[in-house]
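Visitor: Next comes the structure file coords12.txt, holding compact mmCIF, C-alpha atoms and all ligand atoms.
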```txt
# COMPACT_ATOMS: atom_id res chain seq x y z
CA MET N 633 0.00 0.00 0.00
CA GLU N 634 1.29 3.46 -0.93
CA PRO N 635 2.28 5.58 2.07
CA VAL N 636 0.67 8.96 2.71
CA THR N 637 3.19 11.75 2.06
CA VAL N 638 3.48 14.54 4.60
CA THR N 639 5.19 17.66 3.31
CA HIS N 640 6.74 20.32 5.56
CA GLY N 641 9.05 23.31 5.25
CA LEU N 642 12.19 21.19 5.12
CA GLY N 643 10.97 18.39 2.85
CA SER N 644 8.60 15.48 3.25
CA TYR N 645 8.26 12.04 4.81
CA PRO N 646 6.11 8.96 4.23
CA VAL N 647 3.51 7.67 6.68
CA TYR N 648 3.01 3.94 6.13
CA VAL N 649 -0.41 2.81 7.31
CA GLU N 650 -0.76 -0.91 6.88
CA PRO N 651 -1.69 -3.93 9.02
CA GLY N 652 1.51 -5.95 9.40
CA ILE N 653 3.90 -3.13 8.46
CA LEU N 654 5.83 -3.67 11.72
CA ALA N 655 6.93 -7.11 10.49
CA ARG N 656 8.94 -5.12 7.94
CA LEU N 657 10.67 -2.88 10.49
CA PRO N 658 14.14 -4.11 9.37
CA ASP N 659 13.33 -3.06 5.77
CA LEU N 660 12.16 0.36 6.96
CA LEU N 661 15.41 0.79 8.90
CA ARG N 662 17.46 -0.06 5.83
CA LEU N 663 15.40 2.37 3.78
CA HIS N 664 15.16 5.32 6.16
CA LEU N 665 18.07 4.97 8.60
CA ALA N 666 20.53 3.40 6.17
CA GLY N 667 23.95 2.66 7.66
CA ARG N 668 23.06 4.19 11.01
CA ARG N 669 23.46 2.70 14.47
CA ALA N 670 19.84 2.33 15.49
CA THR N 671 18.54 2.56 19.04
CA MET N 672 14.95 2.25 20.09
CA ILE N 673 13.39 4.56 22.67
CA ALA N 674 10.08 3.21 23.97
CA ASP N 675 7.79 3.50 26.95
CA GLN N 676 8.13 0.49 29.24
CA THR N 677 4.59 -0.78 28.76
CA VAL N 678 4.85 -0.82 24.99
CA PHE N 679 8.38 -2.25 25.07
CA GLN N 680 7.13 -5.12 27.25
CA LEU N 681 4.36 -5.83 24.69
CA LEU N 682 6.97 -5.83 21.95
CA ARG N 683 9.16 -8.31 23.84
CA GLU N 684 6.16 -10.60 24.38
CA GLY N 685 5.43 -10.52 20.65
CA LYS N 686 2.11 -8.77 21.27
CA LEU N 687 2.67 -5.65 19.19
CA GLY N 688 1.56 -6.71 15.74
CA GLN N 689 4.39 -8.76 14.28
CA ALA N 690 7.11 -6.37 15.45
CA ARG N 691 10.43 -7.78 16.66
CA TRP N 692 13.43 -5.87 18.01
CA GLY N 693 16.86 -7.29 18.77
CA GLU N 694 18.92 -4.10 18.75
CA GLU N 695 19.75 -1.59 21.48
CA ALA N 696 16.86 -0.02 23.39
CA LEU N 697 16.21 2.57 26.09
CA THR N 698 12.93 2.80 27.98
CA PHE N 699 11.11 5.19 30.29
CA PRO N 700 8.02 4.71 32.51
CA ALA N 701 4.77 5.03 30.52
CA GLY N 702 2.63 8.11 30.94
CA GLU N 703 2.55 11.89 30.68
CA LYS N 704 4.54 12.24 33.93
CA SER N 705 7.63 11.03 32.02
CA LYS N 706 7.41 13.84 29.46
CA THR N 707 9.90 16.00 31.34
CA ARG N 708 13.35 17.54 31.00
CA GLU N 709 14.50 15.04 33.64
CA THR N 710 13.61 12.04 31.45
CA TRP N 711 15.07 13.85 28.43
CA ALA N 712 18.33 14.32 30.40
CA ARG N 713 18.42 10.66 31.44
CA LEU N 714 17.86 9.46 27.85
CA THR N 715 20.40 11.81 26.29
CA ASP N 716 22.95 10.90 29.01
CA ALA N 717 22.43 7.21 28.22
CA LEU N 718 23.02 7.86 24.52
CA LEU N 719 26.19 9.83 25.28
CA GLN N 720 27.48 7.13 27.64
CA SER N 721 27.03 4.41 25.08
CA GLY N 722 28.93 6.47 22.56
CA HIS N 723 26.24 7.33 20.07
CA GLY N 724 27.49 9.71 17.41
CA ARG N 725 26.03 11.73 14.57
CA ASP N 726 25.68 8.53 12.60
CA SER N 727 23.06 7.20 15.02
CA GLY N 728 19.34 7.08 14.44
CA LEU N 729 16.39 6.48 16.73
CA VAL N 730 13.32 4.29 16.48
CA VAL N 731 10.66 5.94 18.62
CA LEU N 732 8.02 3.48 19.77
CA GLY N 733 4.88 4.29 21.77
CA GLY N 734 2.05 6.77 22.04
CA GLY N 735 2.13 10.54 21.85
CA VAL N 736 4.28 10.76 24.97
CA ALA N 737 7.05 8.65 23.41
CA GLY N 738 6.77 10.62 20.16
CA ASP N 739 7.03 14.01 21.85
CA LEU N 740 9.71 13.04 24.38
CA ALA N 741 11.97 10.83 22.25
CA GLY N 742 11.34 13.07 19.24
CA PHE N 743 12.75 15.91 21.36
CA VAL N 744 15.73 13.70 22.22
CA ALA N 745 16.27 13.19 18.47
CA ALA N 746 15.85 16.95 17.83
CA THR N 747 18.50 17.91 20.35
CA TYR N 748 20.99 15.02 20.48
CA LEU N 749 24.20 16.29 18.83
CA ARG N 750 22.00 19.10 17.38
CA GLY N 751 19.68 16.58 15.79
CA ILE N 752 19.67 12.99 14.57
CA PRO N 753 17.03 11.28 12.41
CA TYR N 754 14.27 9.10 13.82
CA LEU N 755 11.70 6.64 12.59
CA LEU N 756 8.40 7.13 14.42
CA VAL N 757 6.32 4.07 15.31
CA PRO N 758 3.10 5.30 16.93
CA THR N 759 1.22 2.65 18.93
CA THR N 760 -1.86 4.57 20.10
CA LEU N 761 -4.66 5.64 17.77
CA LEU N 762 -4.19 9.22 18.95
CA ALA N 763 -0.50 9.17 18.06
CA MET N 764 -1.30 7.67 14.65
CA VAL N 765 -4.03 10.12 13.63
CA ASP N 766 -2.69 13.23 15.31
CA ALA N 767 0.90 13.22 16.60
CA SER N 768 2.35 11.49 13.52
CA VAL N 769 1.79 14.65 11.46
CA GLY N 770 3.25 18.09 12.13
CA GLY N 771 6.78 17.38 13.35
CA LYS N 772 6.24 18.85 16.81
CA THR N 773 8.27 17.47 19.71
CA ALA N 774 8.20 18.70 23.30
CA VAL N 775 8.43 18.09 27.02
CA ASP N 776 6.24 19.51 29.78
CA THR N 777 7.37 21.76 32.64
CA PRO N 778 5.66 22.65 35.94
CA GLN N 779 4.40 25.80 34.15
CA GLY N 780 2.49 23.84 31.54
CA LYS N 781 2.39 21.23 28.81
CA ASN N 782 4.68 21.22 25.74
CA LEU N 783 6.48 24.43 26.73
CA ILE N 784 9.98 23.28 25.79
CA GLY N 785 10.33 21.66 22.40
CA ALA N 786 11.40 21.77 18.80
CA PHE N 787 10.14 21.21 15.31
CA HIS N 788 11.85 18.00 14.16
CA PRO N 789 9.88 15.82 11.73
CA PRO N 790 10.64 12.08 11.59
CA VAL N 791 12.22 10.51 8.49
CA ALA N 792 9.22 8.18 8.25
CA VAL N 793 6.22 6.99 10.27
CA ALA N 794 5.10 3.36 10.45
CA ALA N 795 1.53 3.02 11.74
CA ASP N 796 0.37 -0.58 12.12
CA PRO N 797 -3.34 -0.93 12.99
CA LEU N 798 -2.57 -4.44 14.31
CA ALA N 799 -0.54 -2.80 17.08
CA LEU N 800 -3.77 -1.22 18.38
CA ILE N 801 -5.34 -4.53 19.41
CA SER N 802 -3.79 -4.32 22.89
CA LEU N 803 -4.63 -0.65 23.43
CA PRO N 804 -6.91 -0.03 26.46
CA GLU N 805 -10.47 0.86 25.43
CA ARG N 806 -10.35 4.38 26.82
CA GLU N 807 -7.13 5.20 24.95
CA TYR N 808 -8.59 3.79 21.77
CA ARG N 809 -11.71 5.97 22.00
CA ALA N 810 -9.58 9.04 22.59
CA GLY N 811 -8.14 8.56 19.09
CA LEU N 812 -11.61 8.11 17.62
CA ALA N 813 -12.61 11.53 18.98
CA GLU N 814 -9.81 13.17 16.97
CA ALA N 815 -10.86 11.24 13.85
CA VAL N 816 -14.45 12.48 14.22
CA LYS N 817 -13.03 16.00 14.53
CA HIS N 818 -11.22 15.53 11.20
CA GLY N 819 -14.50 14.54 9.55
CA VAL N 820 -16.34 17.50 11.05
CA ILE N 821 -13.79 20.08 9.93
CA ALA N 822 -12.77 18.75 6.55
CA ASP N 823 -14.63 15.83 5.00
CA ARG N 824 -18.29 15.00 5.20
CA SER N 825 -17.91 11.67 3.41
CA TYR N 826 -15.21 10.66 5.90
CA PHE N 827 -17.61 11.52 8.73
CA GLU N 828 -20.25 9.37 7.01
CA PHE N 829 -17.80 6.50 6.65
CA ILE N 830 -17.18 6.63 10.43
CA GLU N 831 -20.96 6.59 10.98
CA TRP N 832 -21.40 3.69 8.58
CA ASP N 833 -18.51 1.65 9.98
CA ALA N 834 -18.83 2.65 13.64
CA ASP N 835 -19.44 -0.92 14.82
CA ALA N 836 -16.53 -2.31 12.79
CA LEU N 837 -14.33 0.44 14.19
CA MET N 838 -15.42 -0.41 17.72
CA ARG N 839 -14.37 -4.01 17.01
CA ARG N 840 -11.05 -2.64 15.67
CA GLU N 841 -11.55 -4.36 12.34
CA GLN N 842 -8.39 -3.83 10.37
CA THR N 843 -9.90 -2.71 7.06
CA ALA N 844 -12.02 0.02 8.64
CA LEU N 845 -9.24 1.02 11.00
CA THR N 846 -6.67 1.30 8.20
CA ARG N 847 -9.01 3.53 6.21
CA LEU N 848 -9.65 5.68 9.27
CA ILE N 849 -5.98 6.22 10.08
CA ARG N 850 -5.05 6.93 6.45
CA ARG N 851 -7.80 9.47 5.93
CA SER N 852 -7.10 11.26 9.21
CA VAL N 853 -3.39 11.44 8.39
CA GLU N 854 -4.23 12.82 4.92
CA ILE N 855 -6.54 15.46 6.35
CA LYS N 856 -4.13 16.64 9.03
CA ALA N 857 -1.24 16.57 6.54
CA ALA N 858 -3.19 18.69 4.04
CA VAL N 859 -4.05 21.27 6.69
CA VAL N 860 -0.57 21.44 8.18
CA SER N 861 1.29 21.64 4.85
CA ALA N 862 -1.05 24.37 3.62
CA ASP N 863 -0.27 26.41 6.72
CA GLU N 864 3.33 25.93 7.85
CA ARG N 865 3.46 29.04 10.01
CA GLU N 866 0.22 28.43 11.90
CA GLY N 867 -1.20 31.59 10.38
CA GLY N 868 -4.81 30.65 9.94
CA LEU N 869 -6.02 27.42 8.39
CA ARG N 870 -4.24 25.28 10.98
CA SER N 871 -6.49 26.68 13.70
CA ILE N 872 -9.34 24.53 12.32
CA LEU N 873 -7.55 21.59 13.95
CA ASN N 874 -8.53 23.28 17.21
CA ALA N 875 -12.19 22.46 16.66
CA GLY N 876 -13.59 21.00 19.87
CA HIS N 877 -10.36 21.89 21.64
CA THR N 878 -11.07 25.41 22.89
CA VAL N 879 -13.90 24.04 25.03
CA GLY N 880 -12.10 20.68 25.43
CA HIS N 881 -8.95 22.19 26.94
CA ALA N 882 -11.05 24.26 29.34
CA LEU N 883 -12.93 21.13 30.45
CA GLU N 884 -9.61 19.34 31.05
CA LEU N 885 -8.46 22.30 33.10
CA VAL N 886 -11.55 22.65 35.30
CA SER N 887 -11.60 18.88 35.87
CA ASP N 888 -7.96 19.19 37.00
CA PHE N 889 -7.10 16.80 34.15
CA GLY N 890 -9.41 14.12 35.60
CA LEU N 891 -11.15 14.14 32.23
CA PRO N 892 -8.95 12.45 29.60
CA HIS N 893 -8.09 14.56 26.54
CA GLY N 894 -10.14 12.53 24.04
CA GLU N 895 -13.25 12.65 26.21
CA ALA N 896 -12.83 16.39 26.71
CA VAL N 897 -12.54 16.80 22.93
CA ALA N 898 -15.75 14.80 22.40
CA LEU N 899 -17.64 17.06 24.82
CA GLY N 900 -15.94 20.10 23.30
CA LEU N 901 -17.09 19.10 19.82
CA VAL N 902 -20.69 18.83 21.00
CA VAL N 903 -20.59 22.23 22.69
CA GLU N 904 -18.85 23.92 19.75
CA CYS N 905 -21.24 22.42 17.17
CA GLU N 906 -24.12 23.72 19.26
CA LEU N 907 -22.40 27.11 19.43
CA ALA N 908 -22.04 27.13 15.63
CA ALA N 909 -25.79 26.55 15.31
CA ARG N 910 -26.62 29.23 17.86
CA LEU N 911 -24.46 31.78 16.05
CA GLY N 912 -26.33 30.99 12.84
CA LEU N 913 -23.19 29.52 11.22
CA ALA N 914 -24.19 25.87 11.02
CA PRO N 915 -27.51 24.20 10.22
CA THR N 916 -29.54 22.83 13.09
CA GLY N 917 -29.25 19.08 13.39
CA MET N 918 -25.47 19.01 12.95
CA ARG N 919 -24.81 18.98 16.67
CA GLU N 920 -27.27 16.12 17.16
CA ARG N 921 -25.60 14.10 14.41
CA VAL N 922 -22.07 14.63 15.75
CA GLU N 923 -23.32 13.84 19.24
CA GLY N 924 -24.99 10.64 18.00
CA LEU N 925 -21.79 9.40 16.41
CA LEU N 926 -19.63 10.20 19.43
CA ARG N 927 -22.12 8.36 21.63
CA ARG N 928 -21.98 5.28 19.39
CA LEU N 929 -18.20 5.35 19.65
CA GLY N 930 -18.46 5.15 23.43
CA LEU N 931 -17.43 8.75 24.02
CA PRO N 932 -19.11 10.97 26.63
CA VAL N 933 -21.53 13.61 25.34
CA ARG N 934 -22.81 14.73 28.74
CA LEU N 935 -20.85 16.10 31.70
CA ASP N 936 -20.77 13.77 34.67
CA ARG N 937 -20.72 16.72 37.07
CA PRO N 938 -21.96 20.31 36.86
CA ILE N 939 -19.58 22.94 35.52
CA ALA N 940 -20.64 26.60 35.69
CA GLY N 941 -20.55 28.60 32.47
CA ASP N 942 -18.47 31.33 34.16
CA GLN N 943 -15.91 28.76 35.31
CA LEU N 944 -15.56 27.39 31.81
CA ILE N 945 -15.23 30.85 30.26
CA ALA N 946 -12.58 31.77 32.83
CA ALA N 947 -10.65 28.62 31.93
CA MET N 948 -10.86 29.42 28.21
CA SER N 949 -9.74 33.02 28.76
CA GLY N 950 -6.61 31.72 30.44
CA ASP N 951 -5.81 29.63 27.37
CA LYS N 952 -2.70 31.16 25.79
CA LYS N 953 -4.32 31.27 22.35
CA ASN N 954 -7.08 33.53 23.62
CA ARG N 955 -5.25 35.81 26.02
CA GLY N 956 -6.08 39.48 25.69
CA ALA N 957 -8.76 38.90 23.09
CA ARG N 958 -12.42 37.97 23.01
CA LEU N 959 -12.97 34.24 22.92
CA ARG N 960 -12.61 32.79 19.44
CA PHE N 961 -13.64 29.36 18.18
CA ALA N 962 -12.90 27.25 15.12
CA LEU N 963 -16.50 26.45 14.17
CA PRO N 964 -17.70 24.39 11.19
CA SER N 965 -20.37 25.90 8.96
CA ASP N 966 -21.61 22.43 8.08
CA LEU N 967 -20.46 18.82 8.44
CA GLY N 968 -17.03 18.69 6.81
CA THR N 969 -16.98 22.39 5.96
CA MET N 970 -15.40 25.39 7.59
CA PRO N 971 -16.82 28.88 6.88
CA ALA N 972 -15.79 30.42 3.54
CA GLY N 973 -13.57 33.48 3.19
CA ASN N 974 -10.71 32.44 5.50
CA ARG N 975 -12.86 32.90 8.59
CA TRP N 976 -10.98 30.16 10.40
CA THR N 977 -12.14 31.35 13.79
CA VAL N 978 -15.06 33.46 14.95
CA GLU N 979 -15.77 35.42 18.11
CA ALA N 980 -18.58 34.29 20.35
CA PRO N 981 -20.32 36.28 23.09
CA ASP N 982 -20.31 34.75 26.58
CA SER N 983 -24.08 34.38 26.53
CA ALA N 984 -23.95 32.09 23.47
CA ILE N 985 -21.14 30.03 25.01
CA LYS N 986 -23.14 29.53 28.19
CA ALA N 987 -26.22 28.55 26.24
CA ALA N 988 -24.20 26.05 24.17
CA LEU N 989 -22.81 24.50 27.34
CA GLU N 990 -26.38 23.51 28.22
CA SER N 991 -26.23 20.91 25.42
CA VAL N 992 -23.87 18.71 27.49
CA ARG N 993 -25.64 18.99 30.83
N1 LIG Q 1 3.22 16.20 18.64
C1 LIG Q 1 1.95 16.29 18.36
O1 LIG Q 1 1.57 16.80 17.31
C2 LIG Q 1 0.94 15.78 19.33
C3 LIG Q 1 -0.41 15.70 18.94
C4 LIG Q 1 -1.32 15.19 19.85
C5 LIG Q 1 -0.91 14.80 21.11
N2 LIG Q 1 0.39 14.90 21.47
C6 LIG Q 1 0.85 14.47 22.80
O2 LIG Q 1 0.60 13.08 22.92
C7 LIG Q 1 0.45 12.76 24.29
C8 LIG Q 1 -0.72 11.83 24.44
O3 LIG Q 1 -0.50 10.70 23.64
P1 LIG Q 1 -1.17 9.29 23.95
O4 LIG Q 1 -2.60 9.49 24.24
O5 LIG Q 1 -0.75 8.39 22.88
O6 LIG Q 1 -0.52 8.91 25.38
P2 LIG Q 1 0.62 7.87 25.81
O7 LIG Q 1 1.78 7.94 24.93
O8 LIG Q 1 0.86 8.13 27.26
O9 LIG Q 1 -0.08 6.45 25.66
C9 LIG Q 1 -1.20 6.15 26.46
C10 LIG Q 1 -1.02 4.83 27.23
O10 LIG Q 1 -1.19 3.74 26.31
C11 LIG Q 1 -0.13 2.82 26.45
N3 LIG Q 1 0.04 2.19 25.14
C12 LIG Q 1 0.55 2.76 24.04
N4 LIG Q 1 0.45 1.94 22.99
C13 LIG Q 1 -0.13 0.82 23.45
C14 LIG Q 1 -0.52 -0.40 22.83
N5 LIG Q 1 -0.38 -0.59 21.51
N6 LIG Q 1 -1.09 -1.36 23.60
C15 LIG Q 1 -1.29 -1.14 24.93
N7 LIG Q 1 -0.95 -0.01 25.56
C16 LIG Q 1 -0.38 0.95 24.82
C17 LIG Q 1 1.02 3.62 26.93
O11 LIG Q 1 1.97 2.84 27.60
C18 LIG Q 1 0.35 4.64 27.85
O12 LIG Q 1 0.16 4.09 29.12
C19 LIG Q 1 0.32 14.06 25.04
O13 LIG Q 1 1.51 14.31 25.74
C20 LIG Q 1 0.11 15.09 23.94
O14 LIG Q 1 0.64 16.35 24.30
C21 LIG Q 1 1.31 15.38 20.60
ZN ZN Q 2 -6.49 16.71 20.62
```
As C-alpha cells - that is how I would like this structure written.
Guide:
Amino acid sequence: MEPVTVTHGLGSYPVYVEPGILARLPDLLRLHLAGRRATMIADQTVFQLLREGKLGQARWGEEALTFPAGEKSKTRETWARLTDALLQSGHGRDSGLVVLGGGVAGDLAGFVAATYLRGIPYLLVPTTLLAMVDASVGGKTAVDTPQGKNLIGAFHPPVAVAADPLALISLPEREYRAGLAEAVKHGVIADRSYFEFIEWDADALMRREQTALTRLIRRSVEIKAAVVSADEREGGLRSILNAGHTVGHALELVSDFGLPHGEAVALGLVVECELAARLGLAPTGMRERVEGLLRRLGLPVRLDRPIAGDQLIAAMSGDKKNRGARLRFALPSDLGTMPAGNRWTVEAPDSAIKAALESVR
C-alpha cells in the first residue's frame, strides 16, 4: 500500500499505514536509517508488549532505552536521562532512533532526536490511535514543565512513520476511543464523506476491524497533513484543527485533568457544534448528528458533574491562544466544511457560550 506523504518546510516524509507493516521494520530501517546505528526509545509498557510478541508482528533485537509510561515522564529530567544514556554508550552523529509508543514517546523521544548532537534522524512508530491520527503529522516534539504542557520543544519531523493498525489490538479501550474523537473531529472540519464512513462503519471500528481502521488512520493522516502543509506558520487554516479543543482544553483544566483529553474533545465538539448553530453559522441538526456518532463510539456527550458557564469561560480566557482577546472558536459551517472566506475562527459572546454548554448537561 502506498504511504501517505506529509510535506513540511524542510521536505517530506512517508507515513506507512498498513496492518503488518511492523513485520517489515528491518526493511524500513534499511530504507530510512541506512547505515546508522539504530537505538529504540520506547515507553516500558509498549516495550514489554513488543518483547512478548504482542505488538503486531514487530520484533526488536537491537539496542533499546525505555522510560516509565505516561505523561509524567514527558519531562526535561527524562530527556536528560535518555540523552545521558546515549552519550554514555557512545552514540554519534551517525546514530538514528526508532521511537516506539504513544504521543508521549513521540514528543519526548522526538525531542531527544531533535537535540541530540544538534539533531539525529528518527523513525516514528506510533502505537496509540491518537498518536497515529494526530501526533504522527506536524513534526512537533516537546516536554512539559511545571508551568504547563509542551512548553519546551522543537520542530523536528521524523524521516518516516510506520503506523500498524494491528498494534492497536492491545490498546486499552479508553485510549482507543480518545483517538476516535480526533478522527471524528477531522471529519467534522474537513470531510463529510469521511464523517459518514465513520458513521457507517462505527461498529466495525469499535471491534477494531483492520480494514475500517486502516481507512480511518489513512484518511485522518491525509486530512491533518493537508491542513498542516497548507499552513506551515500556523497563520490561519491550521487553527481549524482546534475544533472542539477550545472548550475541550477548558474542560480538562476545570476537571484538573481528571477528564482524559479525548473525552474532553468529544464534549468540546458537541458544545462547539451547538455554538455554531446558535451563532447561525451551522444548520440545526449538525450537533445532534455529531453527538450521535460520538455516543456510538463510546465517548461521553454529557458532563458527569456540573460545571458553571463562568468557570468554563474563565478557563478558556486563560488559554494562551485567547489571552487578551475575546474568545474565538474554530467552528464548522456544516459537516465537513469550515466557513468560507478564510474565517478560520469566529468570536462568540459569553451568553452564546453559556447557552451552548447547556447541550452537554
Ligand atoms: N506532537 C503532536 O503533534 C501531538 C499531537 C497530539 C498529542 N500529542 C501528545 O501526545 C500525548 C498523548 O498521547 P497518547 O494518548 O498516545 O498517550 P501515551 O503515549 O501516554 O499512551 C497512552 C497509554 O497507552 C499505552 N500504550 C501505548 N500503545 C499501546 C498499545 N499498543 N497497547 C497497549 N498499551 C499501549 C502507553 O503505555 C500509555 O500508558 C500528550 O503528551 C500530547 O501532548 C502530541
Ligand atoms: Zn487533541
Visitor: Taking all atoms of ligand LIG 1 (chain Q) that the file lists and extending 4 Å past them on each side, where is the centre of the axis-aligned box and how long are its edges? Answer in Å to one decimal, as lines of an AutoDock Vina configuration file.
Guide:
```
center_x = 0.3
center_y = 7.7
center_z = 23.2
size_x = 13.8
size_y = 26.2
size_z = 19.8
```
Visitor: Taking all atoms listed in the file into account, report as a list of chain:residue names which residues have an atom no farther than 7 Å from an atom of ligand ZN 2 (chain Q).
Guide: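 Within the 7 Å cut-off, the matching residues are N:Glu814, N:His877, N:His893, N:Gly894, N:Val897.
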Visitor: What separation in Å, quoted to one decimal, exists between atom CA of N:Arg806 and atom CA of N:Gly785?
Guide: 27.3 Å
Visitor: Could you give me the residues within 6 Å of ligand LIG 1 (chain Q), counting all atoms listed in the file, as a PyMOL selection string?
Guide: chain N and resi 675+677-678+701-703+733-737+739+759-760+762-763+766-767+770+772-773+799-800+802-804
Visitor: Can you write out the residues you just picked, keeping C-alpha atoms, as an mmCIF file, in the coordinates of the input?
Guide:
```cif
data_model
loop_
_atom_site.group_PDB
_atom_site.id
_atom_site.type_symbol
_atom_site.label_atom_id
_atom_site.label_comp_id
_atom_site.auth_asym_id
_atom_site.auth_seq_id
_atom_site.Cartn_x
_atom_site.Cartn_y
_atom_site.Cartn_z
ATOM 1 C CA ASP N 675 7.790 3.500 26.950
ATOM 2 C CA THR N 677 4.590 -0.780 28.760
ATOM 3 C CA VAL N 678 4.850 -0.820 24.990
ATOM 4 C CA ALA N 701 4.770 5.030 30.520
ATOM 5 C CA GLY N 702 2.630 8.110 30.940
ATOM 6 C CA GLU N 703 2.550 11.890 30.680
ATOM 7 C CA GLY N 733 4.880 4.290 21.770
ATOM 8 C CA GLY N 734 2.050 6.770 22.040
ATOM 9 C CA GLY N 735 2.130 10.540 21.850
ATOM 10 C CA VAL N 736 4.280 10.760 24.970
ATOM 11 C CA ALA N 737 7.050 8.650 23.410
ATOM 12 C CA ASP N 739 7.030 14.010 21.850
ATOM 13 C CA THR N 759 1.220 2.650 18.930
ATOM 14 C CA THR N 760 -1.860 4.570 20.100
ATOM 15 C CA LEU N 762 -4.190 9.220 18.950
ATOM 16 C CA ALA N 763 -0.500 9.170 18.060
ATOM 17 C CA ASP N 766 -2.690 13.230 15.310
ATOM 18 C CA ALA N 767 0.900 13.220 16.600
ATOM 19 C CA GLY N 770 3.250 18.090 12.130
ATOM 20 C CA LYS N 772 6.240 18.850 16.810
ATOM 21 C CA THR N 773 8.270 17.470 19.710
ATOM 22 C CA ALA N 799 -0.540 -2.800 17.080
ATOM 23 C CA LEU N 800 -3.770 -1.220 18.380
ATOM 24 C CA SER N 802 -3.790 -4.320 22.890
ATOM 25 C CA LEU N 803 -4.630 -0.650 23.430
ATOM 26 C CA PRO N 804 -6.910 -0.030 26.460
#
```
Visitor: Can you measure atom CA of N:Leu687 to atom CA of N:Pro700 for me? One decimal in Å is fine.
Guide: 17.7 Å
Visitor: Please indicate the distance in Å from atom CA of N:Leu926 to atom CA of N:Val649, rounded to one decimal place.
Guide: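 Interatomic distance here is 23.9 Å.
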Visitor: Can you work out which one of N:Thr846, N:Gln943, N:Thr639, N:Thr977 has the shortest atom-to-atom distance to N:Val860, counting all atoms listed in the file?
Guide: N:Thr639
Visitor: Using only C-alpha atoms, which residue out of N:Glu684, N:Glu979, N:Asp659, N:Asp776 lies closest to N:Ser705?
Guide: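 Between N:Glu684, N:Glu979, N:Asp659, N:Asp776, the residue approaching N:Ser705 most closely is N:Asp776.
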Visitor: Could you give me, as a PyMOL selection string, the residues within 10 Å of N:Ala914, counting only C-alpha atoms and dropping anything in the same chain fewer than 5 positions from it?
Guide: chain N and resi 905-909+919+963-967+969-971
Visitor: Would you pick out the contacts of stretch 826-832 of chain N at 10 Å or less, using all atoms listed in the file, so that residues sharing its chain but fewer than 3 positions from it are not included, and give the list as JSON, numbers by chain?
Guide: {"N": [812, 815, 816, 817, 818, 819, 820, 821, 822, 823, 835, 836, 837, 844, 845, 847, 848, 851, 852, 855, 921, 922, 924, 925, 926, 928, 929, 967, 968]}
Visitor: From the list N:Leu873, N:Val978, N:Leu660, N:Ala741, which residue is nearest N:Ala858 when using all atoms listed in the file?
Guide: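 Selected residue with least distance to N:Ala858: N:Leu873.
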Visitor: I'd like the contact shell of N:Lys986 - 10 Å cut-off, all atoms listed in the file, skipping same-chain residues fewer than 4 positions apart - returned as a compact mmCIF listing (two decimals) with C-alpha atoms, in the coordinates of the input.
Guide:
```txt
# COMPACT_ATOMS: atom_id res chain seq x y z
CA VAL N 903 -20.59 22.23 22.69
CA LEU N 907 -22.40 27.11 19.43
CA ALA N 940 -20.64 26.60 35.69
CA GLY N 941 -20.55 28.60 32.47
CA ASP N 942 -18.47 31.33 34.16
CA LEU N 944 -15.56 27.39 31.81
CA ILE N 945 -15.23 30.85 30.26
CA PRO N 981 -20.32 36.28 23.09
CA ASP N 982 -20.31 34.75 26.58
CA GLU N 990 -26.38 23.51 28.22
CA SER N 991 -26.23 20.91 25.42
```
Visitor: Name the residues within 9 Å of (7.7, -5.7, 18.1), counting all atoms listed in the file in the file's coordinates, and put them as a list in words.
Guide: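 The answer, in the requested form, is Leu654, Ala655, Leu657, Val678, Phe679, Leu681, Leu682, Arg683, Glu684, Gly685, Lys686, Leu687, Gly688, Gln689, Ala690, Arg691, Trp692 and Ala799 of chain N.
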Visitor: I need the residue nearest N:Ala882 from this list: N:Val791, N:Ala984, N:Ile939, N:Leu869. Use all atoms listed in the file for the distance.
Guide: N:Ile939
